[in-house]
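Below is structure_5.cif, which holds mmCIF, N, CA and C atoms.
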data_structure
#
loop_
_atom_site.label_atom_id
_atom_site.label_comp_id
_atom_site.auth_asym_id
_atom_site.auth_seq_id
_atom_site.Cartn_x
_atom_site.Cartn_y
_atom_site.Cartn_z
N MET A 1 10.51 113.74 -45.82
CA MET A 1 11.73 114.14 -46.50
C MET A 1 11.94 115.63 -46.30
N SER A 2 13.15 116.04 -46.45
CA SER A 2 13.44 117.45 -46.23
C SER A 2 12.83 118.32 -47.32
N ALA A 3 12.71 119.58 -47.03
CA ALA A 3 12.06 120.52 -47.95
C ALA A 3 12.81 120.64 -49.27
N ASP A 4 14.11 120.38 -49.27
CA ASP A 4 14.88 120.53 -50.50
C ASP A 4 15.11 119.20 -51.23
N SER A 5 14.47 118.12 -50.79
CA SER A 5 14.60 116.84 -51.49
C SER A 5 13.97 116.92 -52.86
N ARG A 6 14.63 116.36 -53.84
CA ARG A 6 14.11 116.32 -55.21
C ARG A 6 14.32 114.92 -55.75
N ARG A 7 13.38 114.46 -56.54
CA ARG A 7 13.48 113.17 -57.21
C ARG A 7 13.14 113.39 -58.68
N THR A 8 13.64 112.51 -59.53
CA THR A 8 13.41 112.62 -60.97
C THR A 8 12.40 111.58 -61.40
N CYS A 9 11.38 112.01 -62.13
CA CYS A 9 10.39 111.11 -62.70
C CYS A 9 11.07 110.30 -63.81
N ILE A 10 10.94 108.97 -63.76
CA ILE A 10 11.58 108.15 -64.79
C ILE A 10 10.84 108.21 -66.12
N GLY A 11 9.66 108.81 -66.12
CA GLY A 11 8.91 108.97 -67.37
C GLY A 11 9.31 110.23 -68.11
N CYS A 12 9.02 111.38 -67.53
CA CYS A 12 9.25 112.67 -68.21
C CYS A 12 10.60 113.29 -67.87
N ARG A 13 11.30 112.73 -66.88
CA ARG A 13 12.64 113.18 -66.48
C ARG A 13 12.67 114.56 -65.82
N THR A 14 11.55 115.06 -65.34
CA THR A 14 11.56 116.32 -64.59
C THR A 14 11.75 116.02 -63.11
N THR A 15 12.29 116.98 -62.38
CA THR A 15 12.51 116.78 -60.95
C THR A 15 11.39 117.46 -60.17
N GLU A 16 10.99 116.80 -59.09
CA GLU A 16 9.91 117.29 -58.23
C GLU A 16 10.23 116.91 -56.79
N HIS A 17 9.49 117.51 -55.87
CA HIS A 17 9.53 117.07 -54.48
C HIS A 17 8.86 115.69 -54.43
N PRO A 18 9.34 114.79 -53.59
CA PRO A 18 8.76 113.44 -53.53
C PRO A 18 7.25 113.40 -53.27
N ASP A 19 6.69 114.44 -52.64
CA ASP A 19 5.24 114.47 -52.42
C ASP A 19 4.45 114.52 -53.72
N GLN A 20 5.08 114.96 -54.80
CA GLN A 20 4.42 115.08 -56.09
C GLN A 20 4.58 113.83 -56.95
N LEU A 21 5.35 112.86 -56.47
CA LEU A 21 5.66 111.66 -57.24
C LEU A 21 5.20 110.41 -56.51
N VAL A 22 5.19 109.30 -57.22
CA VAL A 22 4.85 108.00 -56.67
C VAL A 22 6.12 107.14 -56.72
N ARG A 23 6.39 106.45 -55.63
CA ARG A 23 7.57 105.58 -55.60
C ARG A 23 7.16 104.18 -56.05
N VAL A 24 7.97 103.60 -56.91
CA VAL A 24 7.77 102.24 -57.39
C VAL A 24 8.98 101.43 -56.94
N VAL A 25 8.72 100.25 -56.38
CA VAL A 25 9.80 99.37 -55.91
C VAL A 25 9.62 98.00 -56.53
N THR A 26 10.61 97.14 -56.37
CA THR A 26 10.49 95.77 -56.86
C THR A 26 10.25 94.83 -55.70
N GLU A 27 9.54 93.76 -56.01
CA GLU A 27 9.38 92.68 -55.05
C GLU A 27 9.70 91.38 -55.78
N PRO A 28 10.30 90.42 -55.09
CA PRO A 28 10.66 89.17 -55.76
C PRO A 28 9.44 88.32 -56.07
N THR A 29 9.50 87.63 -57.19
CA THR A 29 8.48 86.65 -57.57
C THR A 29 9.20 85.36 -57.94
N ASP A 30 8.43 84.33 -58.25
CA ASP A 30 9.05 83.06 -58.66
C ASP A 30 9.86 83.22 -59.94
N GLY A 31 9.42 84.12 -60.81
CA GLY A 31 10.10 84.28 -62.09
C GLY A 31 11.06 85.44 -62.17
N GLY A 32 11.31 86.14 -61.09
CA GLY A 32 12.22 87.29 -61.13
C GLY A 32 11.76 88.41 -60.22
N LEU A 33 11.60 89.60 -60.80
CA LEU A 33 11.20 90.78 -60.04
C LEU A 33 9.94 91.39 -60.64
N ARG A 34 9.11 91.94 -59.77
CA ARG A 34 7.89 92.62 -60.21
C ARG A 34 7.90 94.03 -59.63
N ALA A 35 7.61 95.02 -60.45
CA ALA A 35 7.52 96.40 -60.00
C ALA A 35 6.12 96.66 -59.44
N VAL A 36 6.06 97.28 -58.27
CA VAL A 36 4.79 97.61 -57.63
C VAL A 36 4.84 99.03 -57.09
N VAL A 37 3.68 99.66 -57.02
CA VAL A 37 3.58 101.01 -56.46
C VAL A 37 3.70 100.91 -54.94
N ASP A 38 4.56 101.72 -54.37
CA ASP A 38 4.77 101.77 -52.92
C ASP A 38 3.76 102.76 -52.33
N ARG A 39 2.56 102.27 -52.02
CA ARG A 39 1.48 103.14 -51.56
C ARG A 39 1.74 103.68 -50.16
N THR A 40 2.49 102.97 -49.35
CA THR A 40 2.74 103.41 -47.98
C THR A 40 4.00 104.26 -47.86
N GLY A 41 4.87 104.17 -48.83
CA GLY A 41 6.14 104.89 -48.76
C GLY A 41 7.13 104.23 -47.83
N ARG A 42 6.86 103.01 -47.43
CA ARG A 42 7.71 102.33 -46.45
C ARG A 42 8.32 101.03 -46.95
N LEU A 43 8.04 100.65 -48.18
CA LEU A 43 8.62 99.41 -48.69
C LEU A 43 10.11 99.59 -48.89
N GLY A 44 10.84 98.55 -48.61
CA GLY A 44 12.29 98.62 -48.71
C GLY A 44 12.78 98.41 -50.13
N GLY A 45 14.05 98.63 -50.29
CA GLY A 45 14.69 98.37 -51.58
C GLY A 45 14.82 99.59 -52.45
N ARG A 46 15.42 99.35 -53.58
CA ARG A 46 15.66 100.41 -54.54
C ARG A 46 14.33 100.92 -55.09
N GLY A 47 14.19 102.21 -55.20
CA GLY A 47 12.96 102.80 -55.69
C GLY A 47 13.17 103.61 -56.95
N ALA A 48 12.12 103.72 -57.73
CA ALA A 48 12.09 104.60 -58.89
C ALA A 48 10.89 105.51 -58.69
N TRP A 49 10.98 106.73 -59.17
CA TRP A 49 9.94 107.73 -58.94
C TRP A 49 9.24 108.08 -60.24
N LEU A 50 7.93 108.31 -60.13
CA LEU A 50 7.09 108.50 -61.30
C LEU A 50 5.97 109.48 -60.95
N HIS A 51 5.64 110.38 -61.88
CA HIS A 51 4.46 111.22 -61.66
C HIS A 51 3.22 110.31 -61.65
N PRO A 52 2.22 110.63 -60.87
CA PRO A 52 1.02 109.81 -60.83
C PRO A 52 0.12 110.06 -62.04
N SER A 53 0.64 109.77 -63.22
CA SER A 53 -0.12 109.94 -64.45
C SER A 53 0.21 108.80 -65.41
N HIS A 54 -0.77 108.45 -66.21
CA HIS A 54 -0.55 107.39 -67.20
C HIS A 54 0.37 107.85 -68.32
N GLU A 55 0.43 109.14 -68.56
CA GLU A 55 1.35 109.65 -69.58
C GLU A 55 2.79 109.34 -69.20
N CYS A 56 3.16 109.65 -67.96
CA CYS A 56 4.53 109.37 -67.51
C CYS A 56 4.79 107.86 -67.44
N LEU A 57 3.79 107.09 -67.02
CA LEU A 57 3.94 105.64 -66.99
C LEU A 57 4.18 105.10 -68.39
N ASP A 58 3.37 105.54 -69.35
CA ASP A 58 3.54 105.07 -70.73
C ASP A 58 4.91 105.45 -71.29
N THR A 59 5.36 106.66 -70.99
CA THR A 59 6.68 107.09 -71.45
C THR A 59 7.77 106.24 -70.81
N ALA A 60 7.65 105.97 -69.52
CA ALA A 60 8.65 105.14 -68.83
C ALA A 60 8.69 103.73 -69.41
N LEU A 61 7.52 103.18 -69.72
CA LEU A 61 7.48 101.84 -70.31
C LEU A 61 8.09 101.84 -71.70
N ARG A 62 7.76 102.84 -72.49
CA ARG A 62 8.28 102.93 -73.86
C ARG A 62 9.81 103.08 -73.86
N ARG A 63 10.32 103.83 -72.91
CA ARG A 63 11.77 104.07 -72.83
C ARG A 63 12.52 102.99 -72.05
N ARG A 64 11.79 101.99 -71.57
CA ARG A 64 12.38 100.93 -70.74
C ARG A 64 13.09 101.51 -69.50
N ALA A 65 12.48 102.52 -68.94
CA ALA A 65 13.08 103.23 -67.80
C ALA A 65 13.09 102.39 -66.52
N PHE A 66 12.12 101.49 -66.37
CA PHE A 66 12.10 100.65 -65.17
C PHE A 66 13.31 99.72 -65.16
N ARG A 67 13.60 99.17 -66.31
CA ARG A 67 14.76 98.27 -66.42
C ARG A 67 16.05 99.02 -66.06
N ARG A 68 16.16 100.23 -66.53
CA ARG A 68 17.35 101.04 -66.26
C ARG A 68 17.40 101.45 -64.78
N ALA A 69 16.27 101.87 -64.23
CA ALA A 69 16.23 102.34 -62.84
C ALA A 69 16.53 101.21 -61.85
N PHE A 70 16.01 100.03 -62.13
CA PHE A 70 16.20 98.91 -61.21
C PHE A 70 17.41 98.05 -61.56
N ARG A 71 18.04 98.37 -62.68
CA ARG A 71 19.23 97.63 -63.13
C ARG A 71 18.95 96.15 -63.26
N ALA A 72 17.73 95.83 -63.70
CA ALA A 72 17.32 94.45 -63.87
C ALA A 72 16.07 94.42 -64.75
N VAL A 73 15.78 93.26 -65.28
CA VAL A 73 14.53 93.07 -66.02
C VAL A 73 13.42 92.89 -64.99
N VAL A 74 12.36 93.70 -65.10
CA VAL A 74 11.26 93.63 -64.14
C VAL A 74 9.94 93.51 -64.87
N ASP A 75 9.00 92.82 -64.24
CA ASP A 75 7.63 92.73 -64.74
C ASP A 75 6.91 93.99 -64.28
N THR A 76 6.38 94.77 -65.21
CA THR A 76 5.75 96.04 -64.87
C THR A 76 4.22 96.01 -64.95
N GLU A 77 3.64 94.83 -65.10
CA GLU A 77 2.18 94.73 -65.25
C GLU A 77 1.41 95.23 -64.04
N ALA A 78 1.98 95.18 -62.86
CA ALA A 78 1.26 95.59 -61.64
C ALA A 78 1.32 97.09 -61.40
N VAL A 79 2.11 97.82 -62.18
CA VAL A 79 2.26 99.25 -61.93
C VAL A 79 0.99 100.02 -62.30
N ALA A 80 0.42 99.78 -63.47
CA ALA A 80 -0.78 100.51 -63.90
C ALA A 80 -1.96 100.31 -62.93
N PRO A 81 -2.30 99.06 -62.54
CA PRO A 81 -3.38 98.90 -61.56
C PRO A 81 -3.06 99.56 -60.22
N GLY A 82 -1.82 99.49 -59.79
CA GLY A 82 -1.42 100.14 -58.54
C GLY A 82 -1.55 101.64 -58.62
N LEU A 83 -1.20 102.20 -59.77
CA LEU A 83 -1.33 103.64 -59.99
C LEU A 83 -2.80 104.04 -60.01
N ASP A 84 -3.64 103.24 -60.67
CA ASP A 84 -5.09 103.51 -60.70
C ASP A 84 -5.67 103.50 -59.29
N ALA A 85 -5.28 102.52 -58.48
CA ALA A 85 -5.79 102.43 -57.11
C ALA A 85 -5.34 103.64 -56.29
N LEU A 86 -4.11 104.06 -56.48
CA LEU A 86 -3.60 105.22 -55.76
C LEU A 86 -4.34 106.49 -56.18
N LEU A 87 -4.56 106.65 -57.47
CA LEU A 87 -5.26 107.83 -57.97
C LEU A 87 -6.70 107.87 -57.48
N SER A 88 -7.36 106.71 -57.40
CA SER A 88 -8.75 106.70 -56.94
C SER A 88 -8.83 107.05 -55.45
N THR A 89 -7.85 106.65 -54.65
CA THR A 89 -7.88 107.01 -53.23
C THR A 89 -7.53 108.47 -53.03
N ARG A 90 -6.67 109.03 -53.88
CA ARG A 90 -6.34 110.45 -53.77
C ARG A 90 -7.51 111.32 -54.20
N ALA A 91 -8.31 110.84 -55.13
CA ALA A 91 -9.44 111.62 -55.63
C ALA A 91 -10.63 111.58 -54.68
N ALA A 92 -10.70 110.54 -53.85
CA ALA A 92 -11.83 110.41 -52.93
C ALA A 92 -11.74 111.48 -51.85
N PRO A 93 -12.91 112.05 -51.46
CA PRO A 93 -12.91 113.10 -50.43
C PRO A 93 -12.56 112.59 -49.06
#

Could you take the file, read its structure, and then write that structure out as structure tokens?
Amino acid sequence: MSADSRRTCIGCRTTEHPDQLVRVVTEPTDGGLRAVVDRTGRLGGRGAWLHPSHECLDTALRRRAFRRAFRAVVDTEAVAPGLDALLSTRAAP
């Protein structure tokens, strides 16, 4: 992305460069849509951006920000494990 690209975290509502945020996208399931962390940055579809922290995730869940960002009811259970996996790979040397 360009140097002046900015995205807004759906949790804390601050703007950052996309390198500082995690993109979350939806994927279809039998029962509707499920939100998943886009670890590769290449998944298609509408995305929502989130700081890689559980504080911002909890705030986004409390505010129902995923529903608003995706304009649909989404299952968000896969976001926390996906965020944990991403954080563990970023922390590894």

How big is the axis-aligned box, and where does its centre sit, when it encloses all atoms of region 53-64 of chain A listed in the file and has 3 Å added on every side, reported in Å to one decimal as lines of an AutoDock Vina configuration file?
center_x = 6.2
center_y = 105.4
center_z = -68.5
size_x = 19.9
size_y = 15.0
size_z = 16.6

Quick one: contact table of region 4-30 of chain A to region 56-66 of chain A, 10 Å max, nearest atom pair and distance in Å to one decimal per residue, counting only C-alpha atoms, chain and number order, as CSV?
residue,atom,partner,partner_atom,distance
A:Cys9,CA,A:Cys56,CA,7.8
A:Ile10,CA,A:Ala60,CA,5.8
A:Gly11,CA,A:Ala60,CA,4.1
A:Cys12,CA,A:Cys56,CA,5.8
A:Arg13,CA,A:Cys56,CA,9.0
A:Val24,CA,A:Phe66,CA,9.0
A:Val25,CA,A:Phe66,CA,9.6
A:Thr26,CA,A:Phe66,CA,9.8

| query | What is the CA of Arg39 (chain A) to CA of Arg90 (chain A) distance in Å? | reply | 10.9 Å

| field | Which residue of A:Asp4, A:Glu16, A:Asp75, A:Asp84 approaches His54 (chain A) most closely, using only C-alpha atoms | value |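 Looking at the shortest contact to His54 (chain A), the residue is A:Asp84.
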
| said: Between atom N of Ser5 (chain A) and CA of Asp19 (chain A), what is the distance in Å, rounded to a tenth? | reply: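 Interatomic distance, atom N of Ser5 (chain A) to CA of Asp19 (chain A): 10.1 Å.
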
| Just asking: which residues within chain A are strand (DSSP E) according to DSSP, as a PyMOL selection string? | chain A and resi 7-8+15-16+22-29+32-37+47-50+74-75

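Using only N, CA and C atoms, the shortest contact distance between Ala69 (chain A) and any of A:Arg42, A:Gly47, A:Gly32, A:Leu21 is found at A:Gly47.
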
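The residues caught by the PyMOL selection byres (((chain A and resi 34 and name CA) around 10) and name CA) in this file are Val25, Thr26, Glu27, Pro28, Thr29, Asp30, Gly31, Gly32, Leu33, Ala35, Val36, Val73, Val74, Asp75, Thr76, Glu77, Ala78 and Val79 of chain A.
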
| Within 7 Å of Leu83 (chain A) using only C-alpha atoms, minus same-chain residues under 4 positions, as a VMD selection string | chain A and resid 37 52 79 87

| task | Determine which residues of chain A DSSP labels as alpha helix (DSSP H) from the backbone of this structure, then write them out as a list in words. | result |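 Restricting chain A to alpha helix (DSSP H) produces His54, Glu55, Cys56, Leu57, Asp58, Thr59, Ala60, Leu61, Arg62, Ala65, Phe66, Arg67, Arg68, Ala69, Phe70, Val79, Ala80, Pro81, Gly82, Leu83, Asp84, Ala85, Leu86, Leu87, Ser88, Thr89, Arg90 and Ala91 of chain A.
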
| request: Using atom N of Arg23 (chain A) and CA of Leu50 (chain A) as the two end points, give the distance in Å to one decimal. | output: 6.1 Å

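Nearest residue to Val22 (chain A), choosing from A:Arg6, A:Ala80, A:Leu43, A:Trp49 and counting only N, CA and C atoms: A:Trp49.
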
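Closest to Gln20 (chain A) among A:Thr8, A:His51, A:Ser88, A:Gly44 is A:His51, based on all atoms listed in the file.
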